[in-house]
$ cat entry17.txt   # compact mmCIF, C-alpha atoms and all ligand atoms
# COMPACT_ATOMS: atom_id res chain seq x y z
CA GLN F 1206 86.69 62.89 108.59
CA GLU F 1207 83.90 60.40 108.95
CA GLU F 1208 83.96 60.90 112.73
CA GLN F 1209 83.87 64.67 112.30
CA ALA F 1210 80.94 64.48 109.86
CA ARG F 1211 79.04 62.29 112.30
CA PHE F 1212 79.58 64.90 115.02
CA VAL F 1213 78.13 67.64 112.81
CA LEU F 1214 75.08 65.54 111.97
CA ARG F 1215 74.45 64.46 115.55
CA ASN F 1216 74.77 67.93 117.06
CA PRO F 1217 72.81 70.46 114.98
CA ARG F 1218 71.52 72.37 118.01
CA SER F 1219 75.01 72.78 119.48
CA ARG F 1220 76.13 73.98 116.08
CA ALA F 1221 73.28 76.50 115.84
CA LEU F 1222 74.01 77.85 119.33
CA TRP F 1223 77.68 78.14 118.50
CA GLU F 1224 76.90 80.10 115.36
CA ARG F 1225 74.64 82.42 117.36
CA ALA F 1226 77.27 82.77 120.11
CA ARG F 1227 79.92 83.86 117.64
CA ALA F 1228 78.11 87.18 117.20
CA HIS F 1229 78.78 88.10 120.83
CA MET F 1230 81.61 85.95 122.17
CA PRO F 1231 85.04 85.64 120.59
CA ALA F 1232 85.31 82.16 119.02
CA GLY F 1233 81.70 81.55 120.08
CA VAL F 1234 82.54 80.51 123.63
CA PRO F 1235 82.44 82.25 127.01
CA MET F 1236 85.95 80.99 127.86
CA PRO F 1237 88.58 80.41 125.17
CA TRP F 1238 89.61 76.83 126.08
CA MET F 1239 86.11 75.60 125.47
CA THR F 1240 87.12 75.57 121.81
CA ARG F 1241 89.51 72.75 122.69
CA TYR F 1242 86.74 70.20 123.11
CA PRO F 1243 86.84 67.75 120.22
CA GLY F 1244 84.79 68.41 117.13
CA PRO F 1245 84.46 71.43 114.86
CA PHE F 1246 82.43 73.31 117.51
CA PRO F 1247 81.91 72.74 121.23
CA LEU F 1248 78.98 70.85 122.67
CA PHE F 1249 76.49 73.12 124.37
CA LEU F 1250 75.19 71.45 127.49
CA SER F 1251 71.68 71.34 128.84
CA ARG F 1252 72.69 69.68 132.10
CA ALA F 1253 75.31 67.78 134.04
CA TRP F 1254 74.71 65.37 136.90
CA GLY F 1255 76.80 62.68 138.59
CA ALA F 1256 79.27 61.42 136.00
CA ARG F 1257 77.06 62.34 133.05
CA VAL F 1258 76.43 65.38 130.89
CA GLN F 1259 73.66 65.99 128.39
CA ASP F 1260 73.95 68.22 125.34
CA VAL F 1261 71.26 70.43 123.83
CA ASP F 1262 70.64 67.83 121.13
CA GLY F 1263 69.57 65.38 123.81
CA HIS F 1264 72.63 63.09 123.80
CA THR F 1265 73.92 61.86 127.11
CA TYR F 1266 77.65 61.33 127.63
CA LEU F 1267 79.57 59.41 130.26
CA ASP F 1268 81.79 62.18 131.57
CA PHE F 1269 85.41 61.22 132.21
CA ALA F 1270 86.50 64.86 131.67
CA LEU F 1271 84.64 66.13 134.74
CA GLY F 1272 85.32 69.76 133.96
CA ASP F 1273 89.08 69.12 133.74
CA THR F 1274 88.98 68.18 137.46
CA GLY F 1275 86.56 70.95 138.49
CA ALA F 1276 83.89 68.26 138.87
CA MET F 1277 86.02 65.44 140.30
CA THR F 1278 83.26 65.16 142.90
CA GLY F 1279 80.78 64.30 140.13
CA HIS F 1280 78.41 67.03 138.95
CA SER F 1281 76.18 68.57 141.61
CA PRO F 1282 76.64 65.86 144.25
CA GLU F 1283 73.40 65.58 146.20
CA ALA F 1284 75.21 65.59 149.56
CA VAL F 1285 76.50 69.07 148.74
CA VAL F 1286 73.83 70.76 146.65
CA GLY F 1287 70.99 69.65 148.91
CA GLU F 1288 72.43 71.66 151.78
CA LEU F 1289 73.74 74.48 149.65
CA GLN F 1290 70.13 75.47 149.11
CA ALA F 1291 70.11 76.65 152.73
CA GLN F 1292 73.25 78.72 152.24
CA LEU F 1293 71.67 80.34 149.18
CA ALA F 1294 69.13 81.85 151.54
CA GLN F 1295 71.71 82.75 154.19
CA GLY F 1296 73.93 85.04 152.20
CA LEU F 1297 76.32 84.68 149.31
CA THR F 1298 78.97 87.24 150.03
CA ALA F 1299 79.67 89.58 152.95
CA MET F 1300 83.45 90.12 153.31
CA LEU F 1301 83.13 88.85 156.86
CA PRO F 1302 84.23 85.38 157.98
CA THR F 1303 81.96 82.38 158.64
CA GLU F 1304 82.61 79.26 160.71
CA ASP F 1305 82.76 77.06 157.61
CA GLY F 1306 86.15 78.57 156.77
CA ILE F 1307 87.56 77.29 160.07
CA LYS F 1308 86.13 73.83 159.46
CA VAL F 1309 87.64 73.70 155.99
CA ALA F 1310 91.02 74.88 157.30
CA GLU F 1311 90.92 72.27 160.09
CA GLU F 1312 90.15 69.50 157.64
CA LEU F 1313 92.81 70.63 155.16
CA HIS F 1314 95.31 70.70 158.02
CA ARG F 1315 94.38 67.12 158.89
CA ARG F 1316 94.81 66.05 155.28
CA PHE F 1317 97.87 68.01 154.14
CA GLY F 1318 99.68 68.60 157.43
CA LEU F 1319 99.93 72.37 156.82
CA PRO F 1320 98.35 74.23 159.75
CA PHE F 1321 97.32 77.56 158.16
CA TRP F 1322 94.98 78.17 155.21
CA GLN F 1323 93.51 81.05 153.25
CA PHE F 1324 91.06 81.06 150.37
CA THR F 1325 90.85 82.57 146.91
CA LEU F 1326 88.46 82.30 143.98
CA SER F 1327 90.54 79.90 141.91
CA ALA F 1328 93.68 77.79 141.84
CA THR F 1329 95.25 80.42 139.60
CA ASP F 1330 94.72 83.03 142.32
CA ALA F 1331 96.12 80.66 144.93
CA ASN F 1332 99.30 80.16 142.90
CA ARG F 1333 99.67 83.84 142.14
CA THR F 1334 99.33 84.63 145.84
CA ALA F 1335 101.73 81.87 146.89
CA LEU F 1336 104.39 83.35 144.63
CA ARG F 1337 103.84 86.82 146.07
CA ILE F 1338 104.20 85.46 149.59
CA ALA F 1339 107.38 83.61 148.66
CA ARG F 1340 108.93 86.73 147.13
CA ALA F 1341 107.92 88.84 150.11
CA LEU F 1342 109.31 86.43 152.67
CA THR F 1343 112.58 85.58 150.93
CA GLY F 1344 113.26 88.98 149.38
CA ARG F 1345 114.18 87.16 146.16
CA PRO F 1346 112.80 87.95 142.69
CA LYS F 1347 112.49 84.63 140.85
CA VAL F 1348 110.47 81.44 140.63
CA LEU F 1349 111.65 78.07 139.35
CA VAL F 1350 109.17 75.94 137.39
CA PHE F 1351 109.35 72.90 135.12
CA HIS F 1352 109.02 72.75 131.37
CA GLY F 1353 105.52 71.47 130.59
CA CYS F 1354 104.03 72.81 133.81
CA TYR F 1355 100.70 74.58 134.09
CA HIS F 1356 99.63 76.50 137.17
CA GLY F 1357 96.91 78.71 135.71
CA THR F 1358 97.43 81.96 133.88
CA VAL F 1359 100.11 83.23 136.25
CA ASP F 1360 102.63 85.01 134.04
CA GLU F 1361 105.70 84.01 136.04
CA ALA F 1362 104.79 80.35 135.64
CA PHE F 1363 103.20 80.51 132.18
CA VAL F 1364 106.52 79.79 130.56
CA ALA F 1365 108.40 77.18 128.57
CA LEU F 1366 112.00 76.27 128.01
CA GLU F 1367 112.96 77.34 124.50
CA GLY F 1368 116.50 76.91 123.29
CA GLY F 1369 117.62 76.56 126.91
CA VAL F 1370 116.04 79.82 128.16
CA PRO F 1371 112.67 80.66 129.72
CA ARG F 1372 110.18 82.18 127.30
CA SER F 1373 106.60 83.17 127.84
CA ARG F 1374 104.36 80.36 126.54
CA ARG F 1375 103.53 80.75 122.86
CA GLY F 1376 100.28 82.61 122.60
CA ASN F 1377 100.51 84.22 126.05
CA LEU F 1378 98.72 87.53 125.57
CA GLY F 1379 100.68 90.51 126.72
CA PRO F 1380 102.88 89.28 129.56
CA PRO F 1381 103.99 92.39 131.46
CA VAL F 1382 107.67 91.56 131.69
CA ASP F 1383 110.22 89.32 130.05
CA PRO F 1384 110.20 85.99 131.96
CA LEU F 1385 113.99 86.16 132.02
CA LEU F 1386 113.47 88.63 134.88
CA THR F 1387 111.01 86.50 136.82
CA THR F 1388 111.50 82.86 136.03
CA LYS F 1389 113.85 79.94 135.61
CA VAL F 1390 112.68 76.80 133.81
CA VAL F 1391 114.28 73.36 133.88
CA GLU F 1392 113.21 69.87 132.86
CA TRP F 1393 111.28 67.66 135.27
CA ASN F 1394 113.24 64.81 136.86
CA ASP F 1395 116.55 66.65 136.46
CA LEU F 1396 117.89 67.37 139.94
CA GLU F 1397 121.21 68.62 138.62
CA ALA F 1398 119.46 71.33 136.64
CA VAL F 1399 117.36 72.23 139.68
CA GLU F 1400 120.48 72.63 141.78
CA GLU F 1401 122.14 74.77 139.14
CA ALA F 1402 119.06 77.03 139.04
CA LEU F 1403 118.83 77.36 142.83
CA ALA F 1404 122.51 77.78 143.62
CA PRO F 1405 122.78 81.52 142.79
CA GLY F 1406 120.29 82.20 145.63
CA ASP F 1407 117.86 84.37 143.64
CA VAL F 1408 114.91 81.94 143.59
CA ALA F 1409 112.09 82.68 146.04
CA ALA F 1410 110.04 79.57 145.28
CA LEU F 1411 110.07 76.35 143.37
CA LEU F 1412 106.50 75.90 142.14
CA THR F 1413 105.54 72.46 140.89
CA GLU F 1414 102.90 69.76 140.79
CA PRO F 1415 104.09 66.60 142.57
CA ALA F 1416 103.54 64.84 139.22
CA LEU F 1417 103.07 66.78 135.99
CA THR F 1418 99.46 66.43 134.82
CA ASN F 1419 99.15 69.07 132.16
CA VAL F 1420 101.27 67.39 129.47
CA GLY F 1421 99.71 64.09 130.31
CA ILE F 1422 100.86 62.41 133.51
CA VAL F 1423 104.62 62.51 134.09
CA HIS F 1424 105.58 60.77 137.31
CA PRO F 1425 108.50 61.76 139.50
CA ALA F 1426 111.47 59.38 139.29
CA PRO F 1427 112.28 57.71 142.63
CA GLY F 1428 113.91 60.26 144.91
CA PHE F 1429 113.06 63.27 142.73
CA LEU F 1430 110.50 64.88 145.07
CA GLU F 1431 112.71 64.24 148.09
CA GLY F 1432 115.57 65.80 146.11
CA LEU F 1433 113.48 68.91 145.47
CA ARG F 1434 112.81 69.24 149.19
CA ALA F 1435 116.47 68.81 150.11
CA LEU F 1436 117.69 71.28 147.46
CA THR F 1437 115.09 73.96 148.23
CA ARG F 1438 116.07 73.73 151.92
CA ARG F 1439 119.75 73.92 151.10
CA TYR F 1440 119.34 77.09 149.01
CA GLY F 1441 116.67 78.86 151.09
CA THR F 1442 113.92 78.51 148.46
CA LEU F 1443 110.29 77.80 149.41
CA LEU F 1444 108.75 74.63 147.99
CA ILE F 1445 105.20 75.20 146.69
CA LEU F 1446 103.25 72.12 145.67
CA ASP F 1447 100.30 72.76 143.39
CA GLU F 1448 97.87 69.93 144.23
CA THR F 1449 94.98 71.26 142.17
CA HIS F 1450 95.02 68.20 139.89
CA THR F 1451 97.06 65.77 141.97
CA LEU F 1452 94.33 65.77 144.59
CA SER F 1453 93.29 62.78 142.47
CA ALA F 1454 96.06 60.86 144.30
CA GLY F 1455 94.02 60.74 147.51
CA PRO F 1456 92.33 62.76 150.27
CA GLY F 1457 95.55 64.63 151.04
CA GLY F 1458 96.86 64.62 147.49
CA CYS F 1459 100.45 63.54 146.87
CA THR F 1460 101.54 65.48 149.94
CA ARG F 1461 100.03 62.86 152.18
CA ARG F 1462 100.35 59.89 149.86
CA PHE F 1463 104.11 60.31 149.49
CA GLY F 1464 104.75 61.93 152.87
CA LEU F 1465 105.95 65.22 151.38
CA ASP F 1466 106.78 68.26 153.44
CA PRO F 1467 106.12 71.42 151.38
CA ASP F 1468 106.19 75.01 152.65
CA ILE F 1469 103.02 75.90 150.74
CA VAL F 1470 100.29 73.82 149.07
CA THR F 1471 97.82 75.25 146.57
CA LEU F 1472 94.41 73.82 145.72
CA GLY F 1473 91.31 74.67 143.70
CA LYS F 1474 88.93 73.19 141.14
CA ALA F 1475 87.19 70.24 142.85
CA LEU F 1476 87.66 71.55 146.37
CA ALA F 1477 84.12 72.98 146.51
CA SER F 1478 82.46 70.56 144.03
CA GLY F 1479 82.94 73.07 141.22
CA VAL F 1480 81.79 76.17 143.10
CA PRO F 1481 84.70 78.61 142.53
CA LEU F 1482 87.27 78.29 145.31
CA GLY F 1483 91.03 78.12 145.62
CA ALA F 1484 93.13 77.68 148.73
CA TYR F 1485 96.70 77.97 149.90
CA GLY F 1486 98.08 76.20 152.90
CA LEU F 1487 101.13 77.48 154.76
CA SER F 1488 103.64 75.83 157.06
CA ARG F 1489 103.79 77.29 160.56
CA GLU F 1490 107.02 79.13 159.81
CA VAL F 1491 105.73 80.69 156.59
CA ALA F 1492 102.36 81.48 158.19
CA GLU F 1493 103.93 83.30 161.11
CA ALA F 1494 106.01 85.55 158.88
CA TYR F 1495 103.01 86.11 156.60
CA ALA F 1496 100.64 86.83 159.50
CA GLU F 1497 102.98 89.50 160.79
CA ARG F 1498 102.62 91.34 157.50
CA MET F 1499 98.89 90.78 157.15
CA ALA F 1500 97.94 91.73 160.69
CA GLY F 1501 99.19 95.29 160.31
CA PRO F 1502 97.46 98.29 158.80
CA HIS F 1503 98.45 97.26 155.27
CA ALA F 1504 96.48 94.01 154.91
CA ASP F 1505 94.28 95.49 152.20
CA THR F 1506 97.22 96.88 150.24
CA ALA F 1507 99.31 93.70 150.27
CA GLY F 1508 98.11 92.68 146.82
CA VAL F 1509 96.48 89.55 148.24
CA GLY F 1510 92.80 88.66 148.50
CA GLY F 1511 89.61 89.57 146.62
CA THR F 1512 86.09 90.79 147.34
CA LEU F 1513 84.40 87.49 146.52
CA ALA F 1514 87.24 85.28 147.77
CA ALA F 1515 86.38 83.04 150.74
CA ASN F 1516 82.70 83.83 150.30
CA PRO F 1517 80.29 81.89 152.52
CA PHE F 1518 78.75 79.96 149.65
CA SER F 1519 82.08 78.59 148.37
CA LEU F 1520 83.21 77.72 151.87
CA ARG F 1521 79.96 75.93 152.70
CA ALA F 1522 80.39 73.98 149.46
CA ALA F 1523 83.99 73.11 150.39
CA ARG F 1524 83.06 71.97 153.88
CA LEU F 1525 80.34 69.70 152.55
CA THR F 1526 82.60 68.42 149.77
CA LEU F 1527 85.32 67.42 152.21
CA GLU F 1528 82.94 66.02 154.82
CA ARG F 1529 80.66 64.11 152.48
CA VAL F 1530 82.02 63.64 148.98
CA LEU F 1531 85.81 63.56 148.67
CA THR F 1532 86.10 61.28 151.69
CA GLU F 1533 88.67 58.57 152.43
CA GLU F 1534 86.15 55.88 151.38
CA ALA F 1535 85.27 57.72 148.18
CA PHE F 1536 88.93 57.93 147.18
CA ALA F 1537 89.36 54.20 147.80
CA ARG F 1538 86.42 53.45 145.48
CA MET F 1539 87.58 55.98 142.87
CA GLU F 1540 91.06 54.48 142.80
CA ALA F 1541 89.73 50.91 142.44
CA LEU F 1542 87.68 52.05 139.44
CA ALA F 1543 90.69 53.85 137.98
CA VAL F 1544 92.65 50.58 138.26
CA ARG F 1545 89.79 48.83 136.45
CA PHE F 1546 89.92 51.50 133.74
CA GLN F 1547 93.68 51.11 133.41
CA GLU F 1548 93.56 47.32 133.29
CA GLY F 1549 90.78 47.38 130.69
CA VAL F 1550 92.79 49.61 128.37
CA GLU F 1551 95.99 47.67 129.03
CA SER F 1552 94.35 44.39 128.10
CA VAL F 1553 93.20 45.86 124.77
CA ILE F 1554 96.68 47.21 124.06
CA ARG F 1555 98.32 43.89 124.96
CA GLY F 1556 95.76 41.86 123.06
CA ARG F 1557 96.51 43.74 119.86
CA GLY F 1558 100.23 44.12 120.48
CA LEU F 1559 100.01 47.90 120.02
CA PRO F 1560 102.96 50.20 120.93
CA TRP F 1561 100.86 52.23 123.40
CA HIS F 1562 100.81 52.51 127.15
CA VAL F 1563 98.65 53.60 130.08
CA THR F 1564 99.61 55.52 133.18
CA ARG F 1565 97.70 56.45 136.33
CA LEU F 1566 97.83 58.74 139.34
CA GLY F 1567 95.22 57.68 141.89
CA ALA F 1568 91.83 58.35 140.28
CA ARG F 1569 93.35 59.81 137.09
CA VAL F 1570 94.24 57.58 134.14
CA GLU F 1571 95.79 58.42 130.80
CA TYR F 1572 96.70 56.45 127.69
CA LEU F 1573 99.31 57.48 125.20
CA PHE F 1574 99.88 56.37 121.65
CA ARG F 1575 103.56 55.79 122.35
CA PRO F 1576 105.35 52.82 123.86
CA THR F 1577 106.92 54.31 126.98
CA PRO F 1578 106.05 56.91 129.60
CA ALA F 1579 107.58 60.38 129.27
CA ARG F 1580 110.27 61.33 131.77
CA ASN F 1581 109.91 65.09 131.36
CA GLY F 1582 107.91 67.85 129.71
CA SER F 1583 109.82 67.77 126.41
CA GLN F 1584 109.31 64.04 125.98
CA ALA F 1585 105.65 64.37 126.92
CA LEU F 1586 105.04 67.12 124.38
CA GLU F 1587 106.95 65.28 121.63
CA GLY F 1588 104.96 62.13 122.39
CA GLN F 1589 101.58 63.67 121.62
CA ASP F 1590 100.00 62.15 118.53
CA PRO F 1591 98.47 64.79 116.24
CA LEU F 1592 96.31 62.22 114.45
CA LEU F 1593 95.29 59.63 117.02
CA ASP F 1594 94.74 61.95 120.00
CA PRO F 1595 91.92 63.95 118.35
CA LEU F 1596 90.59 60.84 116.65
CA ILE F 1597 90.05 58.85 119.83
CA HIS F 1598 88.24 61.81 121.42
CA LEU F 1599 85.89 62.19 118.50
CA TYR F 1600 85.35 58.45 118.18
CA LEU F 1601 84.34 58.21 121.82
CA LEU F 1602 82.32 61.43 121.79
CA ASN F 1603 80.22 60.19 118.90
CA ARG F 1604 79.40 57.12 120.98
CA GLY F 1605 78.62 58.92 124.20
CA VAL F 1606 81.91 59.10 126.11
CA LEU F 1607 83.78 62.31 126.96
CA LEU F 1608 87.50 62.29 127.80
CA THR F 1609 89.49 65.26 129.16
CA PRO F 1610 89.87 67.40 126.06
CA PHE F 1611 93.54 68.30 126.44
CA HIS F 1612 94.80 64.73 126.85
CA ASN F 1613 93.57 61.15 126.53
CA MET F 1614 92.83 61.40 130.18
CA ALA F 1615 90.01 60.03 132.27
CA LEU F 1616 89.13 61.07 135.76
CA ILE F 1617 87.01 58.94 138.06
CA SER F 1618 84.51 60.55 140.42
CA PRO F 1619 82.51 59.12 143.30
CA ALA F 1620 79.58 59.00 140.85
CA THR F 1621 81.43 56.91 138.25
CA THR F 1622 80.39 53.25 138.07
CA GLU F 1623 81.94 49.97 136.89
CA GLU F 1624 79.48 49.91 134.00
CA MET F 1625 80.70 53.32 132.84
CA VAL F 1626 84.32 52.20 132.99
CA ASP F 1627 83.53 48.99 131.11
CA ARG F 1628 81.63 50.89 128.44
CA HIS F 1629 84.75 52.97 127.83
CA THR F 1630 86.88 49.82 127.58
CA GLU F 1631 84.46 48.33 125.06
CA LEU F 1632 84.60 51.46 122.88
CA PHE F 1633 88.37 51.74 123.27
CA ALA F 1634 88.67 48.14 122.04
CA GLU F 1635 86.51 48.99 119.02
CA ALA F 1636 88.55 52.11 118.24
CA ALA F 1637 91.82 50.23 118.65
CA GLY F 1638 90.51 47.71 116.12
CA VAL F 1639 89.70 50.45 113.63
CA ILE F 1640 93.11 52.10 114.13
CA ALA F 1641 95.06 48.81 113.99
CA GLU F 1642 93.37 47.83 110.74
CA ALA F 1643 93.70 51.27 109.09
N1 LIG F 1701 97.08 74.38 138.80
C1 LIG F 1701 97.02 73.30 138.01
C2 LIG F 1701 97.93 72.15 138.26
C3 LIG F 1701 96.11 73.26 136.96
O1 LIG F 1701 96.08 72.20 136.16
C4 LIG F 1701 95.26 74.36 136.75
C5 LIG F 1701 94.28 74.36 135.65
O2 LIG F 1701 94.24 73.50 134.81
C6 LIG F 1701 95.36 75.45 137.61
C7 LIG F 1701 96.28 75.43 138.63
C8 LIG F 1701 94.48 76.65 137.43
O3 LIG F 1701 93.18 76.33 137.79
P1 LIG F 1701 92.02 77.41 137.51
O4 LIG F 1701 91.98 77.57 136.03
O5 LIG F 1701 90.80 76.77 138.04
O6 LIG F 1701 92.40 78.65 138.22
$ encode --input "entry17.txt" --output "structure tokens" --more "lines below"
Ligand code: PLP
Amino acid sequence: QEEQARFVLRNPRSRALWERARAHMPAGVPMPWMTRYPGPFPLFLSRAWGARVQDVDGHTYLDFALGDTGAMTGHSPEAVVGELQAQLAQGLTAMLPTEDGIKVAEELHRRFGLPFWQFTLSATDANRTALRIARALTGRPKVLVFHGCYHGTVDEAFVALEGGVPRSRRGNLGPPVDPLLTTKVVEWNDLEAVEEALAPGDVAALLTEPALTNVGIVHPAPGFLEGLRALTRRYGTLLILDETHTLSAGPGGCTRRFGLDPDIVTLGKALASGVPLGAYGLSREVAEAYAERMAGPHADTAGVGGTLAANPFSLRAARLTLERVLTEEAFARMEALAVRFQEGVESVIRGRGLPWHVTRLGARVEYLFRPTPARNGSQALEGQDPLLDPLIHLYLLNRGVLLTPFHNMALISPATTEEMVDRHTELFAEAAGVIAEA
């Protein structure tokens, strides 16, 4: 309560804007999840740059949330925005292709191994499209996803396992059909359940992240990802890897890091430094079958694509991001800082003998107020701490550090520094002291 009161006192301008906003925007925010930021009302920002954001009350925060991965490049990286100025004057949207799209596709091929790429406005769109392609090419109706997954607001994948059956996620507004018709859901790390779901031969695609990141980080057990590949091949199901978040594992995401061989990869968020862009990459076999359909007279009635998708501005931003910001060297530095972050938190936990742990995927780190890592979505959801999770966010926020609002998760960008990481460790140590003594 003390932390909450401090937030209210420190942020009167944010509070005033929020009250004004509530007259014209449901819940006082332009996008519903913005209400999930810690505190009784969201911070209203005046600017964001590098790994920092500033609110309208003049406070600066070290930003480890980075727009829930949208700004994994750091905010407005100079190497991108400097040159984007030129593109601003050269056209923002035309529904005709530009050379940047080819350069982005070539680079994504080099990184992910998939030779063919197309672009959307968001990762959600990329996933929605990937599922359509999978259904079209296999002639099968269903998708298999994991409990605890998140792939955007795609109804077929916006589901949970409840009492052993797939149900639309609680709160999902108006899904058009019962997910029993579209979706199967099993627990992560359970290859037997995957096989049981695939065996009837009605599953077009298995859609998954290579590690779950939306219920905290849940790593694959040894052999699990290889098992998914073998089983999807055996039962004629396409394997779609959603690397929107797991791009934090390296320049080619987990696909390259773990030598995976998916049929389709989907991307978004940080790909264009936060300029809206999603992408899907296709294996040669999938691309050839897809191209056959898209080359005919029905390309514009295939239910794929969008007027602003693949616009020249987003693609210029993506090209510059890949060439200059999310480079091999940048990932090496980001990962070293993430290790520093992890070790700092671990030393505090060990020093106080607390039953907590830390986990990491490349440049993404998370700490949990439970002793062991979760093995699947159910364990991850049960392991969330309704008291300590919000408390740590508010404690840090009041002292100028922003974590990813949905989890105790920190993302490192090329603009993050050792000093920023060490400041977090210092505050985490302080908070751990307060909690341990309470
Ligand atoms: N895929 C994953 C793994 C995500 O975590 C998210 C969003 O959090 C999405 C897709 C959807 O991204 P967007 O909301 O930018 O469309």
$ closest_residue --input "entry17.txt" --among "F:Arg1565, F:Arg1372, F:Arg1333, F:Arg1438" --to "ligand LIG 1701 (chain F)" --atoms "all atoms listed in the file"
F:Arg1333
$ residues_around --input "entry17.txt" --residues "Ser1453 (chain F)" --least-positions-apart "3" --cutoff "10 Å" --atoms "all atoms listed in the file" --output "list in words"
Thr1274, Met1277, Glu1448, Thr1449, His1450, Pro1456, Gly1457, Gly1458, Cys1459, Ala1475, Leu1531, Phe1536, Met1539, Glu1540, Arg1565, Leu1566, Gly1567, Ala1568, Arg1569, Val1570, Leu1616, Ile1617 and Ser1618 of chain F
$ axis_aligned_box --input "entry17.txt" --around "ligand LIG 1701 (chain F)" --padding-each-side "6 Å" --output "AutoDock Vina command-line options"
--center_x 94.4 --center_y 75.4 --center_z 136.8 --size_x 19.1 --size_y 18.5 --size_z 16.0
$ residues_near_ligand --input "entry17.txt" --ligand "ligand LIG 1701 (chain F)" --cutoff "7 Å" --atoms "all atoms listed in the file" --output "PyMOL selection string"
chain F and resi 1273+1327-1330+1355-1357+1414+1418-1419+1447-1450+1473-1474
$ atom_distance --input "entry17.txt" --atom1 "CA of Ala1284 (chain F)" --atom2 "CA of Arg1529 (chain F)"
6.4 Å
$ residues_near_point --input "entry17.txt" --point "(71.9, 74.8, 154.0)" --cutoff "12 Å" --atoms "all atoms listed in the file" --output "PDB file with C-alpha atoms, keeping the file's coordinate frame"
ATOM      1  CA  ALA F1284      75.210  65.590 149.560  1.00  0.00           C
ATOM      2  CA  VAL F1285      76.500  69.070 148.740  1.00  0.00           C
ATOM      3  CA  VAL F1286      73.830  70.760 146.650  1.00  0.00           C
ATOM      4  CA  GLY F1287      70.990  69.650 148.910  1.00  0.00           C
ATOM      5  CA  GLU F1288      72.430  71.660 151.780  1.00  0.00           C
ATOM      6  CA  LEU F1289      73.740  74.480 149.650  1.00  0.00           C
ATOM      7  CA  GLN F1290      70.130  75.470 149.110  1.00  0.00           C
ATOM      8  CA  ALA F1291      70.110  76.650 152.730  1.00  0.00           C
ATOM      9  CA  GLN F1292      73.250  78.720 152.240  1.00  0.00           C
ATOM     10  CA  LEU F1293      71.670  80.340 149.180  1.00  0.00           C
ATOM     11  CA  ALA F1294      69.130  81.850 151.540  1.00  0.00           C
ATOM     12  CA  GLN F1295      71.710  82.750 154.190  1.00  0.00           C
ATOM     13  CA  GLY F1296      73.930  85.040 152.200  1.00  0.00           C
ATOM     14  CA  LEU F1297      76.320  84.680 149.310  1.00  0.00           C
ATOM     15  CA  ASP F1305      82.760  77.060 157.610  1.00  0.00           C
ATOM     16  CA  PRO F1517      80.290  81.890 152.520  1.00  0.00           C
ATOM     17  CA  PHE F1518      78.750  79.960 149.650  1.00  0.00           C
ATOM     18  CA  LEU F1520      83.210  77.720 151.870  1.00  0.00           C
ATOM     19  CA  ARG F1521      79.960  75.930 152.700  1.00  0.00           C
ATOM     20  CA  ALA F1522      80.390  73.980 149.460  1.00  0.00           C
ATOM     21  CA  ARG F1524      83.060  71.970 153.880  1.00  0.00           C
ATOM     22  CA  LEU F1525      80.340  69.700 152.550  1.00  0.00           C
TER      23      LEU F1525
END
$ closest_residue --input "entry17.txt" --among "F:Leu1222, F:Ala1299, F:Leu1593, F:Val1258" --to "Asn1516 (chain F)" --atoms "all atoms listed in the file"
F:Ala1299
$ residues_around --input "entry17.txt" --residues "Ala1310 (chain F)" --least-positions-apart "3" --cutoff "9 Å" --atoms "only C-alpha atoms" --output "list in words"
Asp1305, Gly1306, Ile1307, Leu1313, His1314, Arg1315, Pro1320, Phe1321, Trp1322, Gln1323 and Gly1486 of chain F
$ write_last_selection --input "entry17.txt" --atoms "C-alpha atoms" --output "PDB file, in the coordinates of the input"
ATOM      1  CA  ASP F1305      82.760  77.060 157.610  1.00  0.00           C
ATOM      2  CA  GLY F1306      86.150  78.570 156.770  1.00  0.00           C
ATOM      3  CA  ILE F1307      87.560  77.290 160.070  1.00  0.00           C
ATOM      4  CA  LEU F1313      92.810  70.630 155.160  1.00  0.00           C
ATOM      5  CA  HIS F1314      95.310  70.700 158.020  1.00  0.00           C
ATOM      6  CA  ARG F1315      94.380  67.120 158.890  1.00  0.00           C
ATOM      7  CA  PRO F1320      98.350  74.230 159.750  1.00  0.00           C
ATOM      8  CA  PHE F1321      97.320  77.560 158.160  1.00  0.00           C
ATOM      9  CA  TRP F1322      94.980  78.170 155.210  1.00  0.00           C
ATOM     10  CA  GLN F1323      93.510  81.050 153.250  1.00  0.00           C
ATOM     11  CA  GLY F1486      98.080  76.200 152.900  1.00  0.00           C
TER      12      GLY F1486
END
$ residues_around --input "entry17.txt" --residues "region 1263-1270 of chain F" --least-positions-apart "4" --cutoff "8 Å" --atoms "only C-alpha atoms" --output "NGL selection string"
:F and (1256-1259 or 1274 or 1602 or 1605-1610 or 1614-1617 or 1625)
$ write_last_selection --input "entry17.txt" --atoms "C-alpha atoms" --output "short mmCIF file (atom, residue, chain, number, x, y, z; two decimals), in the frame of the given file"
data_model
loop_
_atom_site.label_atom_id
_atom_site.label_comp_id
_atom_site.auth_asym_id
_atom_site.auth_seq_id
_atom_site.Cartn_x
_atom_site.Cartn_y
_atom_site.Cartn_z
CA ALA F 1256 79.27 61.42 136.00
CA ARG F 1257 77.06 62.34 133.05
CA VAL F 1258 76.43 65.38 130.89
CA GLN F 1259 73.66 65.99 128.39
CA THR F 1274 88.98 68.18 137.46
CA LEU F 1602 82.32 61.43 121.79
CA GLY F 1605 78.62 58.92 124.20
CA VAL F 1606 81.91 59.10 126.11
CA LEU F 1607 83.78 62.31 126.96
CA LEU F 1608 87.50 62.29 127.80
CA THR F 1609 89.49 65.26 129.16
CA PRO F 1610 89.87 67.40 126.06
CA MET F 1614 92.83 61.40 130.18
CA ALA F 1615 90.01 60.03 132.27
CA LEU F 1616 89.13 61.07 135.76
CA ILE F 1617 87.01 58.94 138.06
CA MET F 1625 80.70 53.32 132.84
#
